[in-house]
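Undergrad: File name query_34.tsv; file contents TSV, C-alpha atoms; full text below.
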chain	number	residue	atom	x	y	z
L	213	MET	CA	166.89	157.59	28.24
L	214	LYS	CA	165.10	159.36	31.04
L	215	THR	CA	161.36	158.97	31.16
L	216	LYS	CA	158.47	161.17	32.06
L	217	ILE	CA	157.72	160.96	35.77
L	218	ILE	CA	154.21	161.61	37.02
L	219	LEU	CA	154.09	163.20	40.45
L	220	GLN	CA	152.35	161.19	43.15
L	221	ASN	CA	151.63	161.48	46.87
L	222	SER	CA	152.55	165.13	47.21
L	223	ASP	CA	150.14	166.97	49.53
L	224	PHE	CA	150.81	170.22	47.72
L	225	PHE	CA	150.18	168.67	44.32
L	226	VAL	CA	147.05	166.93	45.55
L	227	ASN	CA	145.60	170.25	46.68
L	228	ARG	CA	146.35	171.82	43.32
L	229	MET	CA	144.80	168.98	41.33
L	230	LYS	CA	141.61	169.03	43.40
L	231	ILE	CA	140.84	172.57	42.32
L	232	ASN	CA	138.12	171.31	39.98
L	233	GLU	CA	136.23	169.16	42.50
L	234	ASN	CA	133.42	171.75	42.80
L	235	THR	CA	133.93	173.44	39.43
L	236	ARG	CA	131.46	173.57	36.56
L	237	ILE	CA	132.58	175.14	33.28
L	238	VAL	CA	129.91	176.35	30.89
L	239	GLY	CA	130.84	176.83	27.24
L	240	LYS	CA	128.80	177.59	24.14
L	241	LYS	CA	128.13	173.95	23.25
L	242	VAL	CA	129.21	171.92	26.28
L	243	ILE	CA	129.21	171.99	30.06
L	244	LEU	CA	132.08	170.37	31.94
L	245	VAL	CA	131.36	168.95	35.40
L	246	PRO	CA	133.49	166.90	37.83
L	247	TYR	CA	133.24	163.13	37.49
L	248	ARG	CA	130.97	162.04	40.36
L	249	LYS	CA	129.39	158.78	41.51
L	250	HIS	CA	126.08	159.44	39.78
L	251	HIS	CA	127.92	159.40	36.45
L	252	VAL	CA	129.56	156.00	36.95
L	253	THR	CA	126.78	153.68	35.74
L	254	LYS	CA	126.53	155.41	32.36
L	255	TYR	CA	130.32	155.71	32.11
L	256	HIS	CA	130.55	151.96	32.72
L	257	GLU	CA	128.13	151.36	29.83
L	258	TRP	CA	130.36	153.47	27.57
L	259	MET	CA	133.47	151.54	28.49
L	260	SER	CA	131.74	148.26	27.62
L	261	ILE	CA	131.58	149.34	23.95
L	262	GLU	CA	134.26	147.60	21.88
L	263	GLU	CA	134.98	150.66	19.72
L	264	ILE	CA	135.54	152.83	22.79
L	265	GLN	CA	137.84	150.23	24.35
L	266	LYS	CA	139.91	150.22	21.16
L	267	LEU	CA	140.04	154.01	20.79
L	268	THR	CA	140.99	154.51	24.45
L	269	ALA	CA	143.24	151.43	24.72
L	270	SER	CA	141.20	150.36	27.76
L	271	GLU	CA	140.29	147.05	29.31
L	272	PRO	CA	136.68	146.48	30.47
L	273	LEU	CA	136.04	146.79	34.21
L	274	THR	CA	133.27	145.50	36.42
L	275	LEU	CA	130.82	148.07	37.73
L	276	GLU	CA	132.39	147.78	41.17
L	277	GLU	CA	135.83	148.41	39.71
L	278	GLU	CA	134.44	151.41	37.82
L	279	PHE	CA	133.20	152.94	41.09
L	280	GLU	CA	136.63	152.34	42.61
L	281	MET	CA	138.24	154.01	39.59
L	282	GLN	CA	135.96	157.04	39.93
L	283	THR	CA	137.03	157.46	43.56
L	284	LYS	CA	140.67	157.13	42.55
L	285	TRP	CA	140.32	159.69	39.76
L	286	GLN	CA	138.55	162.11	42.09
L	287	ASN	CA	141.46	161.91	44.53
L	288	ASP	CA	144.34	161.55	42.07
L	289	SER	CA	147.22	163.93	42.62
L	290	ASP	CA	148.07	164.21	38.93
L	291	LYS	CA	144.79	164.25	37.04
L	292	LEU	CA	141.91	166.59	36.26
L	293	THR	CA	138.73	164.93	34.97
L	294	PHE	CA	135.51	166.48	33.69
L	295	ILE	CA	132.40	164.80	32.30
L	296	VAL	CA	131.25	166.44	29.04
L	297	LEU	CA	127.57	167.40	28.85
L	298	ARG	CA	125.75	168.59	25.74
L	299	LYS	CA	124.56	172.02	26.79
L	300	ASP	CA	121.45	172.00	24.59
L	301	LEU	CA	120.28	168.65	25.97
L	302	TYR	CA	121.00	169.72	29.55
L	303	GLU	CA	119.04	172.94	29.20
L	304	ALA	CA	116.14	171.25	27.36
L	305	SER	CA	115.74	168.49	29.96
L	306	ASP	CA	112.44	168.31	31.84
L	307	SER	CA	114.07	166.60	34.83
L	308	ILE	CA	113.82	168.47	38.10
L	309	ASP	CA	117.16	167.55	39.66
L	310	SER	CA	120.56	168.35	38.18
L	311	LYS	CA	121.85	164.77	38.49
L	312	SER	CA	119.16	163.48	36.14
L	313	ARG	CA	119.80	166.31	33.68
L	314	GLU	CA	123.49	165.46	33.70
L	315	MET	CA	122.81	161.76	33.10
L	316	GLU	CA	120.57	162.62	30.14
L	317	SER	CA	123.11	164.95	28.54
L	318	MET	CA	126.41	163.06	29.15
L	319	ILE	CA	128.34	162.54	25.92
L	320	GLY	CA	131.95	161.94	27.00
L	321	ASP	CA	134.83	163.02	29.20
L	322	VAL	CA	137.99	165.12	29.04
L	323	ASN	CA	141.14	164.60	31.12
L	324	CYS	CA	144.46	166.25	31.80
L	325	PHE	CA	147.33	164.31	33.38
L	326	VAL	CA	150.10	166.54	34.75
L	327	GLY	CA	153.69	165.35	35.08
L	328	VAL	CA	157.35	166.21	34.65
L	329	ASP	CA	159.42	165.40	31.58
L	330	PHE	CA	163.05	165.16	32.65
L	331	ASP	CA	164.13	165.03	29.01
L	332	GLU	CA	162.84	168.57	28.55
L	333	ASP	CA	164.48	170.55	31.36
L	334	ASN	CA	161.97	169.30	33.95
L	335	LYS	CA	159.05	170.88	32.12
L	336	TYR	CA	155.55	170.29	33.40
L	337	LEU	CA	153.43	168.62	30.73
L	338	GLY	CA	149.67	168.41	30.50
L	339	GLU	CA	148.70	165.21	28.67
L	340	LEU	CA	145.16	165.58	27.33
L	341	GLU	CA	142.54	162.97	26.52
L	342	ILE	CA	139.09	163.48	25.03
L	343	MET	CA	136.31	160.93	24.47
L	344	ILE	CA	133.03	161.65	22.68
L	345	VAL	CA	131.23	158.32	22.84
L	346	ASP	CA	128.34	158.26	20.38
L	347	ARG	CA	129.06	158.82	16.70
L	348	LYS	CA	125.97	161.02	16.43
L	349	ASN	CA	127.68	163.52	18.75
L	350	ARG	CA	130.92	163.66	16.79
L	351	GLY	CA	131.72	166.29	14.20
L	352	PHE	CA	129.78	169.10	15.87
L	353	GLY	CA	132.61	170.71	17.82
L	354	PHE	CA	131.81	169.21	21.23
L	355	GLY	CA	135.24	167.59	21.54
L	356	SER	CA	137.10	170.63	20.27
L	357	GLU	CA	135.38	172.99	22.68
L	358	SER	CA	135.94	170.57	25.57
L	359	ILE	CA	139.69	170.51	24.85
L	360	ARG	CA	139.84	174.30	24.52
L	361	LEU	CA	138.01	174.75	27.84
L	362	MET	CA	140.28	172.26	29.59
L	363	ILE	CA	143.42	173.99	28.30
L	364	ASP	CA	141.98	177.37	29.21
L	365	TYR	CA	141.12	176.14	32.70
L	366	CYS	CA	144.58	174.65	33.30
L	367	PHE	CA	146.26	177.76	31.93
L	368	ASN	CA	144.26	180.09	34.18
L	369	TYR	CA	143.87	178.11	37.40
L	370	LEU	CA	146.79	175.68	37.62
L	371	ASP	CA	149.49	178.17	38.56
L	372	ASN	CA	151.94	176.06	40.52
L	373	PRO	CA	153.00	173.85	38.86
L	374	LYS	CA	152.56	175.79	35.63
L	375	ILE	CA	152.20	173.62	32.55
L	376	SER	CA	154.75	174.40	29.82
L	377	GLU	CA	153.35	172.17	27.09
L	378	PHE	CA	150.16	170.29	26.34
L	379	VAL	CA	150.50	166.93	24.61
L	380	VAL	CA	148.17	164.31	23.12
L	381	LYS	CA	148.87	160.73	22.02
L	382	ILE	CA	146.49	159.43	19.37
L	383	THR	CA	146.28	156.12	17.51
L	384	GLU	CA	147.26	156.62	13.89
L	385	GLU	CA	143.93	155.35	12.54
L	386	ASN	CA	141.99	157.93	14.54
L	387	GLU	CA	142.20	160.51	11.78
L	388	PRO	CA	139.27	162.69	12.94
L	389	SER	CA	140.92	163.23	16.34
L	390	ILE	CA	144.30	164.01	14.76
L	391	LYS	CA	142.64	166.51	12.43
L	392	MET	CA	140.78	168.14	15.33
L	393	PHE	CA	143.92	168.69	17.41
L	394	LYS	CA	145.88	170.03	14.45
L	395	LYS	CA	143.05	172.45	13.72
L	396	ILE	CA	143.24	173.67	17.31
L	397	GLY	CA	146.97	174.34	16.88
L	398	PHE	CA	148.78	171.18	17.98
L	399	GLN	CA	151.80	170.16	15.92
L	400	PHE	CA	153.41	166.79	15.22
L	401	SER	CA	156.04	165.84	17.79
L	402	LYS	CA	156.92	162.19	17.18
L	403	LYS	CA	155.66	158.75	16.23
L	404	ILE	CA	155.30	156.10	18.94
L	405	THR	CA	155.71	152.97	16.85
L	406	ALA	CA	155.30	150.48	19.71
L	407	PHE	CA	151.74	151.68	20.36
L	408	ASN	CA	150.84	152.74	16.81
L	409	GLN	CA	150.40	156.32	18.02
L	410	ILE	CA	151.52	159.79	17.10
L	411	GLU	CA	152.24	162.54	19.60
L	412	LEU	CA	151.14	166.12	19.05
L	413	LYS	CA	152.17	169.11	21.18
L	414	ILE	CA	151.43	172.78	21.71
L	415	GLU	CA	153.40	175.20	23.87
L	416	ALA	CA	151.36	176.71	26.69
L	417	LYS	CA	152.71	180.18	25.90
L	418	ARG	CA	150.77	180.02	22.62
L	419	CYS	CA	147.49	179.41	24.44
L	420	PRO	CA	146.47	183.02	25.25
L	421	ASP	CA	146.18	183.79	21.54
L	422	LEU	CA	144.40	180.54	20.75
L	423	PHE	CA	142.15	179.77	23.67
L	424	LEU	CA	141.58	182.51	26.18
L	425	SER	CA	138.06	183.66	25.48
L	426	LYS	CA	135.58	184.52	28.17
L	427	ASN	CA	132.76	182.40	26.81
L	428	TYR	CA	132.44	180.17	29.84
L	429	LEU	CA	131.55	180.36	33.48
L	430	ASN	CA	133.92	178.88	36.04
L	431	ASP	CA	131.34	177.99	38.70
L	432	LYS	CA	133.32	177.07	41.83
L	433	ASN	CA	130.08	176.51	43.72
L	434	TYR	CA	129.17	173.35	41.79
L	435	PHE	CA	128.30	170.53	44.18
L	436	GLU	CA	127.03	167.01	43.66
Would you mind writing the structure in this file as structure tokens?

TA:
Amino acid sequence: MKTKIILQNSDFFVNRMKINENTRIVGKKVILVPYRKHHVTKYHEWMSIEEIQKLTASEPLTLEEEFEMQTKWQNDSDKLTFIVLRKDLYEASDSIDSKSREMESMIGDVNCFVGVDFDEDNKYLGELEIMIVDRKNRGFGFGSESIRLMIDYCFNYLDNPKISEFVVKITEENEPSIKMFKKIGFQFSKKITAFNQIELKIEAKRCPDLFLSKNYLNDKNYFE
């Protein structure tokens, strides 16, 4: 069976996937900003939490390795990464500089890996991941809006390659996440027994009806 191949080391693809390096997306509940070095220390603290390691199937890294990973993600040719900020906390912060406000309001991250599935007529797939770290921030729509904004952003700004389908892989015990994606419009695709996961998909052509609102600002002038 042919497997999904993720594109690497293509100058054209690199340029396309760096489109978010200075982009800030403002929604109703969350603000998405590029993952930068000033976020790494807090991100490292998150990834030291056992529950988060289990939910994300991740191994703990040293702080130095986490900084190296941030640099890699920032330059990856196949991945878009945003840090999720709680908009109300960001706007209520008394801190003068934006970096401090971001640190105070960080609640998670959202990612999209782009690749080709040769089993599906060479379709481009966008594999999504969402992490809302603290339980007190779950159940308020922060994750759902982050996913909708990411899909909307990819649909509008990633033109070549154009994603045909968005997919998520979720551990079977993570029922809240499965429920959230189904509510958004994702449908069951298959069970991945080896990893105790299920795969959900949504066709990109369905996204205009589901996601394309104008409730956010795509701020291309965002800088660290």

Undergrad: May I ask which of the residues L:Phe354, L:Phe279, L:Phe378, L:Tyr255 is the closest one to Ile342 in chain L, counting only C-alpha atoms?

TA: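 Using only C-alpha atoms, the shortest distance to Ile342 in chain L belongs to L:Phe354.
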
Undergrad: Could you pull the residues within 12 Å of range 389-404 of chain L, counting only C-alpha atoms, minus those fewer than 4 positions along the same chain, as an MDAnalysis selection string?

TA: chainID L and resid 267:268 340:344 350:361 363 377:385 408:416 418:419 421:423

Undergrad: Could you tell me how far CA of Met362 in chain L sits from CA of Leu292 in chain L, in Å to one decimal place?

TA: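 So the answer is 8.9 Å.
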
Undergrad: In Å, how far is it from CA of Asp329 in chain L to CA of Lys291 in chain L?

TA: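 Here the two named atoms are 15.7 Å from each other.
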
Undergrad: Point out the residue among L:Thr293, L:Thr274, L:Thr283, L:Asn386 with the least atom-to-atom distance to Val326 in chain L, counting only C-alpha atoms.

TA: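 Among L:Thr293, L:Thr274, L:Thr283, L:Asn386, it is L:Thr293 that comes nearest to Val326 in chain L.
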
Undergrad: Using all atoms listed in the file, which protein or nucleic acid residues come within 10 Å of Met318 in chain L? Drop anything in the same chain fewer than 6 positions from it, and give the result as a list in words.

TA: Val242, Ile243, Leu244, Val245, His251, Lys254, Tyr255, Ile295, Val296, Leu297, Arg298, Lys299, Leu301, Tyr302, Ile344 and Val345 of chain L

Undergrad: For Leu273 in chain L, which of L:Glu314, L:Glu257, L:Asp371, L:Glu339 is the closest residue, counting all atoms listed in the file?

TA: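 Among the listed residues, the smallest separation from Leu273 in chain L belongs to L:Glu257.
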